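Novice: So that you have it, the file is data-v7.cif, and it contains mmCIF, C-alpha atoms and all ligand atoms:
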```cif
data_start
#
loop_
_atom_site.label_atom_id
_atom_site.label_comp_id
_atom_site.auth_asym_id
_atom_site.auth_seq_id
_atom_site.Cartn_x
_atom_site.Cartn_y
_atom_site.Cartn_z
CA MET A 59 1.64 -13.65 -10.53
CA GLU A 60 4.18 -11.84 -12.63
CA LEU A 61 7.82 -11.79 -11.61
CA LYS A 62 9.23 -8.38 -12.52
CA LYS A 63 12.87 -7.35 -12.60
CA ASN A 64 14.60 -4.10 -11.64
CA ILE A 65 11.54 -2.34 -10.33
CA SER A 66 11.78 1.05 -8.60
CA LEU A 67 10.44 0.78 -5.03
CA LYS A 68 9.68 4.51 -4.85
CA PRO A 69 5.89 4.00 -5.15
CA TYR A 70 6.04 1.16 -2.61
CA ASN A 71 7.50 3.00 0.40
CA THR A 72 6.00 6.08 2.07
CA PHE A 73 9.45 7.62 2.57
CA GLY A 74 9.55 7.80 -1.24
CA ILE A 75 13.10 6.43 -1.36
CA ASP A 76 14.10 5.63 -4.92
CA VAL A 77 15.87 2.27 -4.81
CA ASN A 78 15.44 -0.72 -7.09
CA ALA A 79 14.32 -4.24 -6.28
CA GLU A 80 16.21 -6.89 -8.22
CA ARG A 81 12.96 -8.91 -8.40
CA PHE A 82 9.41 -8.00 -7.45
CA ILE A 83 6.19 -9.98 -7.27
CA GLU A 84 2.65 -9.18 -6.09
CA ILE A 85 0.57 -11.89 -4.45
CA SER A 86 -3.19 -11.71 -4.04
CA GLY A 87 -3.95 -15.03 -2.34
CA ILE A 88 -2.57 -17.56 0.13
CA ASP A 89 -2.21 -20.15 -2.63
CA GLU A 90 0.13 -17.86 -4.54
CA LEU A 91 2.24 -17.41 -1.42
CA LYS A 92 2.24 -21.18 -0.82
CA SER A 93 3.45 -21.78 -4.36
CA LEU A 94 6.35 -19.32 -3.88
CA ILE A 95 7.31 -21.38 -0.84
CA SER A 96 6.80 -24.81 -2.43
CA ASN A 97 8.89 -23.72 -5.42
CA GLY A 98 11.68 -22.99 -2.95
CA LEU A 99 11.86 -19.36 -4.08
CA LEU A 100 11.60 -17.80 -0.63
CA GLN A 101 13.94 -20.29 1.00
CA GLN A 102 16.65 -19.85 -1.62
CA THR A 103 16.50 -16.10 -2.11
CA LYS A 104 16.89 -13.08 0.10
CA PHE A 105 13.37 -11.68 0.29
CA ILE A 106 11.22 -9.15 2.06
CA ILE A 107 7.48 -9.07 2.40
CA LEU A 108 6.04 -5.60 1.93
CA GLY A 109 2.63 -4.24 2.86
CA GLY A 110 2.14 -0.50 2.53
CA GLY A 111 5.86 0.26 2.97
CA SER A 112 5.00 2.77 5.71
CA ASN A 113 7.42 1.44 8.30
CA VAL A 114 10.53 0.75 6.23
CA LEU A 115 13.58 2.72 5.20
CA PHE A 116 15.45 1.34 2.20
CA THR A 117 19.12 2.29 2.40
CA ARG A 118 20.26 0.60 -0.83
CA ASP A 119 18.94 -1.35 -3.81
CA PHE A 120 17.30 -4.56 -2.65
CA GLU A 121 19.25 -7.47 -4.10
CA GLY A 122 16.60 -10.09 -3.75
CA LEU A 123 12.86 -10.58 -4.10
CA VAL A 124 10.28 -8.09 -2.83
CA VAL A 125 6.91 -9.78 -2.23
CA LYS A 126 4.11 -7.22 -2.19
CA ASN A 127 1.26 -8.67 -0.19
CA ASN A 128 -2.26 -7.98 -1.49
CA ILE A 129 -4.10 -10.87 0.23
CA ALA A 130 -7.70 -9.64 0.54
CA GLY A 131 -10.97 -10.64 2.27
CA ILE A 132 -12.86 -9.71 5.42
CA ASN A 133 -14.99 -12.21 7.38
CA VAL A 134 -17.21 -11.57 10.37
CA ASP A 135 -18.23 -14.26 12.88
CA LYS A 136 -20.39 -13.87 15.94
CA ALA A 137 -18.66 -14.68 19.20
CA ASP A 138 -19.90 -14.96 22.79
CA HIS A 139 -20.48 -12.15 25.27
CA GLY A 140 -21.47 -9.46 22.76
CA MET A 141 -18.28 -9.79 20.74
CA VAL A 142 -17.65 -10.27 17.04
CA ARG A 143 -14.61 -11.82 15.43
CA VAL A 144 -13.43 -9.90 12.37
CA THR A 145 -10.81 -11.68 10.27
CA ALA A 146 -9.02 -9.74 7.54
CA GLY A 147 -6.53 -10.72 4.85
CA ALA A 148 -3.03 -9.41 5.48
CA GLY A 149 -3.05 -7.30 2.32
CA ILE A 150 -6.11 -5.27 3.29
CA VAL A 151 -5.29 -1.62 3.98
CA TRP A 152 -5.52 -1.17 7.77
CA SER A 153 -7.54 2.05 7.64
CA GLU A 154 -10.05 0.39 5.28
CA LEU A 155 -10.54 -2.36 7.86
CA VAL A 156 -11.07 0.30 10.55
CA ASP A 157 -13.64 2.06 8.33
CA PHE A 158 -15.44 -1.26 7.71
CA CYS A 159 -15.64 -1.97 11.45
CA ILE A 160 -16.83 1.54 12.30
CA GLU A 161 -19.53 1.39 9.58
CA ASN A 162 -20.76 -1.89 11.08
CA ASN A 163 -20.51 -0.56 14.64
CA TYR A 164 -17.84 -3.07 15.73
CA GLY A 165 -15.98 -1.23 18.46
CA GLY A 166 -12.51 -1.16 19.99
CA ILE A 167 -10.57 -0.36 16.83
CA GLU A 168 -11.68 3.28 16.33
CA ASN A 169 -8.68 4.87 18.11
CA LEU A 170 -6.45 3.19 15.53
CA SER A 171 -8.08 5.09 12.64
CA LEU A 172 -5.89 6.35 9.78
CA ILE A 173 -2.72 4.46 10.73
CA PRO A 174 -1.14 3.74 7.34
CA GLY A 175 -0.14 0.29 6.17
CA SER A 176 -1.56 -3.18 5.85
CA VAL A 177 -3.40 -5.51 8.22
CA GLY A 178 -0.55 -8.05 8.00
CA ALA A 179 2.05 -5.60 9.30
CA ALA A 180 -0.08 -4.37 12.21
CA PRO A 181 1.01 -7.18 14.59
CA ILE A 182 4.68 -6.84 13.65
CA GLN A 183 5.13 -3.73 15.78
CA ASN A 184 1.82 -3.99 17.69
CA ILE A 185 0.59 -0.71 16.19
CA GLY A 186 -0.79 1.76 18.64
CA ALA A 187 -2.26 5.24 18.96
CA TYR A 188 -4.38 7.29 21.34
CA GLY A 189 -4.25 4.85 24.23
CA VAL A 190 -5.03 1.67 22.25
CA GLU A 191 -2.67 -0.95 20.88
CA LEU A 192 -3.41 -3.78 18.48
CA LYS A 193 -2.94 -6.26 21.33
CA ASP A 194 -6.05 -4.81 23.05
CA ILE A 195 -8.34 -6.04 20.25
CA PHE A 196 -6.24 -8.92 18.93
CA HIS A 197 -7.64 -12.46 18.86
CA THR A 198 -5.28 -14.60 16.74
CA LEU A 199 -3.32 -14.46 13.50
CA THR A 200 -2.46 -17.02 10.87
CA ALA A 201 1.00 -17.10 9.33
CA LEU A 202 2.83 -19.39 6.91
CA GLU A 203 6.19 -20.69 8.00
CA VAL A 204 8.74 -19.76 5.34
CA ALA A 205 10.76 -22.95 5.83
CA THR A 206 7.84 -25.36 5.35
CA GLY A 207 4.83 -23.41 4.00
CA GLU A 208 2.77 -24.72 6.89
CA ALA A 209 0.08 -22.53 8.41
CA ARG A 210 0.31 -21.76 12.11
CA VAL A 211 -2.19 -19.93 14.30
CA PHE A 212 -0.61 -17.57 16.85
CA THR A 213 -2.41 -16.58 20.04
CA LYS A 214 -1.91 -13.21 21.69
CA GLU A 215 0.51 -14.72 24.21
CA GLU A 216 2.55 -16.36 21.44
CA CYS A 217 2.88 -13.02 19.62
CA ARG A 218 4.60 -11.59 22.75
CA PHE A 219 3.31 -8.10 22.10
CA ALA A 220 5.01 -5.17 23.81
CA TYR A 221 5.35 -1.45 23.08
CA ARG A 222 5.93 -1.33 19.27
CA ASP A 223 7.25 -4.85 19.47
CA SER A 224 6.37 -8.51 18.95
CA VAL A 225 8.01 -11.88 18.49
CA PHE A 226 8.00 -11.18 14.73
CA LYS A 227 10.56 -8.38 15.21
CA ARG A 228 12.74 -10.65 17.33
CA GLU A 229 13.08 -14.46 17.51
CA LEU A 230 10.75 -15.11 14.56
CA LYS A 231 11.92 -12.25 12.35
CA GLY A 232 11.71 -13.31 8.70
CA LYS A 233 10.52 -16.82 9.65
CA TYR A 234 6.75 -16.36 9.18
CA ILE A 235 4.56 -14.48 6.73
CA ILE A 236 1.30 -13.28 8.22
CA VAL A 237 -1.66 -14.06 5.95
CA SER A 238 -4.63 -12.99 8.12
CA VAL A 239 -5.38 -11.32 11.43
CA SER A 240 -8.48 -11.88 13.63
CA LEU A 241 -9.74 -9.19 15.94
CA ALA A 242 -12.16 -9.47 18.88
CA LEU A 243 -14.45 -6.43 18.73
CA GLN A 244 -17.50 -5.31 20.68
CA GLU A 245 -20.89 -5.55 19.03
CA ASN A 246 -22.47 -2.75 21.05
CA PRO A 247 -19.40 -0.69 21.71
CA VAL A 248 -18.78 1.83 24.42
CA PRO A 249 -15.86 3.88 23.10
CA ASP A 250 -12.88 4.76 25.26
CA THR A 251 -12.69 8.55 25.26
CA ASN A 252 -10.40 8.92 28.24
CA TYR A 253 -7.44 9.94 26.13
CA GLY A 254 -7.12 13.70 26.66
CA ALA A 255 -6.65 14.74 23.03
CA ILE A 256 -9.74 12.76 21.93
CA LYS A 257 -11.85 14.27 24.70
CA ASP A 258 -10.81 17.79 23.65
CA GLU A 259 -11.39 17.08 19.97
CA LEU A 260 -14.88 15.69 20.64
CA ARG A 261 -15.69 18.79 22.65
CA ASN A 262 -14.49 20.99 19.76
CA MET A 263 -16.63 18.93 17.40
CA GLY A 264 -19.62 19.63 19.65
CA VAL A 265 -20.17 15.92 20.34
CA ASP A 266 -22.11 15.13 23.50
CA GLU A 267 -21.08 13.14 26.56
CA THR A 268 -21.76 9.72 25.04
CA PRO A 269 -20.19 9.68 21.59
CA GLY A 270 -20.46 6.71 19.25
CA ILE A 271 -17.41 5.03 17.76
CA GLN A 272 -18.05 6.97 14.52
CA SER A 273 -17.43 10.27 16.34
CA VAL A 274 -14.34 8.92 18.08
CA GLY A 275 -12.96 7.71 14.72
CA GLU A 276 -13.62 11.14 13.20
CA ALA A 277 -11.93 12.87 16.14
CA VAL A 278 -8.85 10.68 15.80
CA ILE A 279 -8.69 11.29 12.05
CA SER A 280 -8.93 15.03 12.43
CA ILE A 281 -6.20 15.12 15.13
CA ARG A 282 -3.93 12.93 12.99
CA ARG A 283 -4.49 15.04 9.86
CA ARG A 284 -3.53 18.14 11.80
CA LYS A 285 -0.50 16.68 13.56
CA LEU A 286 1.16 14.24 11.19
CA PRO A 287 2.64 14.89 7.77
CA ASP A 288 0.78 13.15 4.94
CA PRO A 289 3.19 10.83 3.06
CA GLU A 290 1.39 11.81 -0.16
CA GLU A 291 2.76 15.31 0.37
CA ILE A 292 6.08 14.68 2.10
CA GLY A 293 7.89 11.35 2.36
CA ASN A 294 7.99 9.89 5.88
CA ALA A 295 7.35 6.74 7.89
CA GLY A 296 5.62 8.27 10.91
CA SER A 297 7.54 8.16 14.20
CA PHE A 298 11.12 7.29 13.36
CA PHE A 299 12.10 6.45 16.96
CA LYS A 300 10.38 4.72 19.86
CA ASN A 301 9.68 6.71 23.00
CA PRO A 302 12.40 5.57 25.43
CA VAL A 303 11.57 4.05 28.79
CA VAL A 304 14.02 4.98 31.56
CA SER A 305 14.40 4.06 35.22
CA MET A 306 12.78 6.30 37.85
CA GLU A 307 16.26 7.27 39.08
CA HIS A 308 17.43 8.33 35.63
CA PHE A 309 14.15 10.17 35.05
CA LYS A 310 14.58 12.17 38.28
CA GLU A 311 18.08 13.18 37.20
CA ILE A 312 16.83 14.50 33.83
CA GLN A 313 13.81 16.13 35.44
CA GLY A 314 16.12 18.00 37.81
CA LYS A 315 17.61 19.77 34.78
CA TYR A 316 14.38 20.00 32.74
CA PRO A 317 11.47 20.45 35.16
CA ASP A 318 8.98 21.01 32.30
CA MET A 319 9.79 17.71 30.60
CA PRO A 320 6.65 15.78 29.59
CA PHE A 321 6.52 12.11 30.69
CA TYR A 322 4.22 9.10 31.17
CA GLU A 323 4.41 6.69 34.05
CA VAL A 324 4.86 3.10 32.83
CA ASP A 325 4.99 1.53 36.31
CA ALA A 326 6.36 2.38 39.73
CA GLU A 327 9.94 2.07 38.49
CA HIS A 328 9.81 3.15 34.86
CA ILE A 329 8.97 6.35 33.00
CA LYS A 330 8.42 6.90 29.28
CA ILE A 331 9.79 10.15 27.88
CA PRO A 332 8.62 11.47 24.48
CA ALA A 333 11.55 11.06 22.07
CA GLY A 334 10.21 13.99 20.02
CA TRP A 335 10.63 16.32 23.00
CA MET A 336 14.26 15.22 23.49
CA ILE A 337 15.02 15.65 19.80
CA GLU A 338 13.50 19.12 19.90
CA GLN A 339 15.54 20.06 22.99
CA CYS A 340 18.67 19.06 21.07
CA GLY A 341 17.74 21.60 18.39
CA TRP A 342 16.87 19.25 15.53
CA LYS A 343 13.25 20.18 14.91
CA GLY A 344 12.71 21.57 11.40
CA LYS A 345 16.39 21.12 10.41
CA SER A 346 17.23 19.86 6.91
CA PHE A 347 20.41 18.48 5.41
CA GLY A 348 19.92 18.33 1.69
CA ASP A 349 16.55 16.62 1.24
CA ALA A 350 16.74 14.69 4.52
CA GLY A 351 15.11 16.52 7.39
CA VAL A 352 13.29 16.59 10.70
CA HIS A 353 9.66 17.62 10.36
CA GLU A 354 9.01 21.25 11.29
CA SER A 355 6.23 20.52 13.76
CA GLN A 356 6.85 16.85 14.72
CA ALA A 357 10.47 16.26 15.74
CA LEU A 358 9.84 12.49 15.96
CA VAL A 359 9.19 12.31 12.22
CA LEU A 360 12.10 12.30 9.77
CA VAL A 361 11.15 13.41 6.27
CA ASN A 362 12.28 13.18 2.68
CA HIS A 363 11.84 16.58 1.06
CA GLY A 364 12.25 15.07 -2.40
CA LYS A 365 15.32 13.14 -3.41
CA ALA A 366 16.87 12.11 -0.10
CA THR A 367 18.54 8.72 -0.10
CA GLY A 368 18.04 6.16 2.65
CA GLN A 369 21.72 6.64 3.55
CA GLU A 370 21.13 10.36 4.11
CA ILE A 371 18.09 9.68 6.31
CA ILE A 372 19.99 7.10 8.34
CA LYS A 373 22.96 9.44 8.78
CA LEU A 374 20.60 12.10 10.13
CA ALA A 375 18.98 9.51 12.43
CA MET A 376 22.41 8.47 13.78
CA ASN A 377 23.40 12.09 14.44
CA ILE A 378 20.14 12.64 16.33
CA MET A 379 20.72 9.49 18.39
CA THR A 380 24.25 10.63 19.29
CA SER A 381 23.07 14.06 20.30
CA VAL A 382 20.21 12.70 22.47
CA SER A 383 22.64 10.26 24.07
CA GLU A 384 25.15 13.02 24.84
CA THR A 385 22.51 15.40 26.20
CA PHE A 386 20.27 13.02 28.20
CA ALA A 387 22.30 9.78 28.45
CA VAL A 388 19.29 8.08 26.80
CA GLU A 389 19.75 5.71 23.85
CA LEU A 390 17.01 6.10 21.26
CA GLU A 391 15.85 3.02 19.39
CA MET A 392 14.59 3.18 15.82
CA GLU A 393 10.97 2.20 15.27
CA VAL A 394 11.32 2.06 11.49
CA ASN A 395 12.67 -1.14 9.88
CA VAL A 396 15.95 -0.25 8.17
CA ILE A 397 16.63 -2.40 5.10
C1 LIG A 401 2.22 9.13 8.59
C2 LIG A 401 2.43 7.86 9.36
C3 LIG A 401 1.83 7.71 10.61
C4 LIG A 401 2.01 6.53 11.34
N1 LIG A 401 1.40 6.42 12.56
C5 LIG A 401 1.55 5.29 13.29
C6 LIG A 401 0.90 5.15 14.55
O1 LIG A 401 0.16 6.03 14.99
N2 LIG A 401 1.11 4.02 15.25
C7 LIG A 401 1.88 3.00 14.77
O2 LIG A 401 2.03 2.00 15.47
N3 LIG A 401 2.51 3.10 13.58
C8 LIG A 401 2.36 4.21 12.82
N4 LIG A 401 2.99 4.32 11.61
C9 LIG A 401 3.85 3.23 11.14
C10 LIG A 401 3.14 2.24 10.18
O3 LIG A 401 1.95 2.78 9.71
C11 LIG A 401 2.83 0.90 10.86
O4 LIG A 401 4.00 0.34 11.37
C12 LIG A 401 2.20 -0.10 9.91
O5 LIG A 401 1.75 -1.24 10.60
C13 LIG A 401 3.14 -0.54 8.78
O6 LIG A 401 2.38 -1.27 7.85
P1 LIG A 401 2.93 -1.54 6.39
O7 LIG A 401 1.99 -2.48 5.72
O8 LIG A 401 3.16 -0.27 5.68
O9 LIG A 401 4.29 -2.27 6.73
P2 LIG A 401 5.61 -2.30 5.84
O10 LIG A 401 6.31 -1.00 5.97
O11 LIG A 401 5.29 -2.76 4.46
O12 LIG A 401 6.42 -3.42 6.60
C14 LIG A 401 6.89 -3.20 7.91
C15 LIG A 401 7.62 -4.45 8.40
O13 LIG A 401 6.70 -5.52 8.54
C16 LIG A 401 7.06 -6.64 7.71
N5 LIG A 401 5.81 -7.17 7.17
C17 LIG A 401 4.88 -6.49 6.45
N6 LIG A 401 3.85 -7.30 6.16
C18 LIG A 401 4.13 -8.51 6.70
C19 LIG A 401 3.45 -9.77 6.71
N7 LIG A 401 2.27 -9.94 6.13
N8 LIG A 401 4.04 -10.81 7.35
C20 LIG A 401 5.26 -10.66 7.95
N9 LIG A 401 5.95 -9.49 7.95
C21 LIG A 401 5.39 -8.43 7.33
C22 LIG A 401 7.95 -6.04 6.63
O14 LIG A 401 8.82 -7.00 6.09
C23 LIG A 401 8.67 -4.95 7.41
O15 LIG A 401 9.74 -5.50 8.16
C24 LIG A 401 2.82 5.49 10.83
C25 LIG A 401 3.40 5.63 9.55
C26 LIG A 401 3.21 6.80 8.84
C27 LIG A 401 3.81 6.93 7.47
#
```
Go through the file and emit its structure as structure tokens.
Specialist:
Amino acid sequence: MELKKNISLKPYNTFGIDVNAERFIEISGIDELKSLISNGLLQQTKFIILGGGSNVLFTRDFEGLVVKNNIAGINVDKADHGMVRVTAGAGIVWSELVDFCIENNYGGIENLSLIPGSVGAAPIQNIGAYGVELKDIFHTLTALEVATGEARVFTKEECRFAYRDSVFKRELKGKYIIVSVSLALQENPVPDTNYGAIKDELRNMGVDETPGIQSVGEAVISIRRRKLPDPEEIGNAGSFFKNPVVSMEHFKEIQGKYPDMPFYEVDAEHIKIPAGWMIEQCGWKGKSFGDAGVHESQALVLVNHGKATGQEIIKLAMNIMTSVSETFAVELEMEVNVI
């Protein structure tokens, strides 16, 4: 472990924001993390744990310690009822874990193909895509308590997963560092192809009625490549805002004015409205202010065209939130972690 000073974080965040970390360290094992805790470093210093940096927006230099988590390792254990338990180190790249599972025909994870970032960050916001969320395949996770260095196993219930949310974004924020995540996957999987876009993509690919998880993974990857900007080409952190959930009454009011508005029913009393649609209606799609912009085909994604600062991105985000609030009386919530 080498403690570095004044390191640019540009290569460590997918927005490509050029800020410095006062101190920076990479850890590759649990023992290294334990020693940072037993030395008192994490308790005495402001710190942040970073995986792939694909869900953060740095708004200023980080005056503290950035811990880049590279904890590796994948283990597979047989479980009952045709299930396998796959446990991965928090520093493994999420999409590499998905590829590993698909290659071994462990199913349930394939709809989450190509989501950037690390395994350890996946539970933080209960990552989700194409009708599947992490919680659907989650078994347990192990995390070290920052205050004591003690390992604790969290069950699904204890993680309190919700839409892009968990206990680690709320009550336990900054209190635990996730070191491994265990998934419960099917050994002879029957993929879920009910999600409309996947069905269409499989049909375009010429895949028959009973596709394997490999085909579903490929379909998801090709949809994502078409729809989402690649951070290698243009800085971004995926969806910048969550899709807001409104009451049925409020929904009906908006629908009265915008009959073509897309929506998803959450339950009998709540409706989810795509934030990207609202942002587009407010005229923001494709707009740029200096190097900070709204993606030209995905209004939910804010982008860095080159040298945008985090402050410029956040200013744009605030202006969008105000305009959506004034137009629809809906308050958008940021999905990205602003630091
Ligand atoms: C192009 C693009 C597409 C995306 N698509 C999706 C999508 O479809 N669905 C989706 O849900 N998300 C999506 N995202 C968001 C992002 O990929 C996920 O949130 C991902 O889980 C972030 O992982 P990370 O390792 O990059 O986290 P980071 O950005 O490094 O960290 C995110 C937060 O988690 C904390 N954290 C990280 N690791 C740990 C740990 N081990 N223990 C405790 N805290 C930790 C950090 O401190 C930070 O607060 C997308 C992002 C991009 C750029």
Novice: Neighbours of ligand LIG 401 (chain A) at 7 Å or closer, counting all atoms listed in the file: which residues, as a ChimeraX atom specification?
Specialist: /A:71-72,106-114,127,148,173-180,182-187,222,232,234-237,286-289,294-297,395
Novice: Excluding Ile83 of chain A and any residue of its chain fewer than 5 positions from it, enumerate the residues within 12 Å of it, using only C-alpha atoms, and give them as a PyMOL selection string.
Specialist: chain A and resi 59-65+67+90-91+94+99-100+105-108+122-128
Novice: Just how far from atom CA of Ser171 of chain A is atom CA of Arg143 of chain A, in Å to one decimal?
Specialist: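 According to the coordinates, atom CA of Arg143 of chain A and atom CA of Ser171 of chain A are separated by 18.3 Å.
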Novice: Tell me which protein, DNA and RNA residues are within 12 Å of Lys330 of chain A, counting all atoms listed in the file, leaving out same-chain ones fewer than 3 positions away, and put them as a list in words.
Specialist: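 Returned residues: Tyr221, Lys300, Asn301, Pro302, Val303, Val304, Ser305, Met306, His308, Phe309, Met319, Pro320, Phe321, Tyr322, Glu323, Val324, Asp325, Ala326, Glu327, Ala333, Gly334, Trp335, Met336, Val388 and Leu390 of chain A.
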Novice: Please provide as a PyMOL selection string all residues within 10 Å of segment 359-368 of chain A, with the sequence filter that same-chain residues fewer than 6 positions apart are discarded (counting all atoms listed in the file).
Specialist: chain A and resi 72-77+114-119+286-287+289+291-299+334+343-353+374-375+396-397
Novice: Please, what distance in Å, to one decimal, runs between atom CA of Ile271 of chain A and atom CA of Gly166 of chain A?
Specialist: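 We find that atom CA of Ile271 of chain A and atom CA of Gly166 of chain A lie 8.2 Å from each other.
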Novice: Using only C-alpha atoms, pick whichever of A:Val144, A:Leu170, A:Cys217, A:Ile312 has the shortest atom-to-atom distance to Gln244 of chain A.
Specialist: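 Nearest to Gln244 of chain A: A:Val144.
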Novice: Between atom CA of Gly207 of chain A and atom CA of Ala220 of chain A, what is the distance, to one decimal in Å?
Specialist: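 Atom CA of Ala220 of chain A lies 26.9 Å from atom CA of Gly207 of chain A.
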Novice: Identify which of the residues A:Glu391, A:Asp89, A:Val382, A:Leu241 lies closest to Ala146 of chain A, counting all atoms listed in the file when measuring atom-to-atom distances.
Specialist: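 Selected residue with least distance to Ala146 of chain A: A:Leu241.
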Novice: Considering all atoms listed in the file, return as a list in words whatever protein or nucleic-acid residues lie within 9 Å of segment 256-259 of chain A, sequence-local ones (same chain, fewer than 2 positions apart) excluded.
Specialist: Asn169, Tyr188, Thr251, Asn252, Tyr253, Gly254, Arg261, Asn262, Met263, Gly264, Val265, Val274, Ala277, Val278, Ser280 and Ile281 of chain A
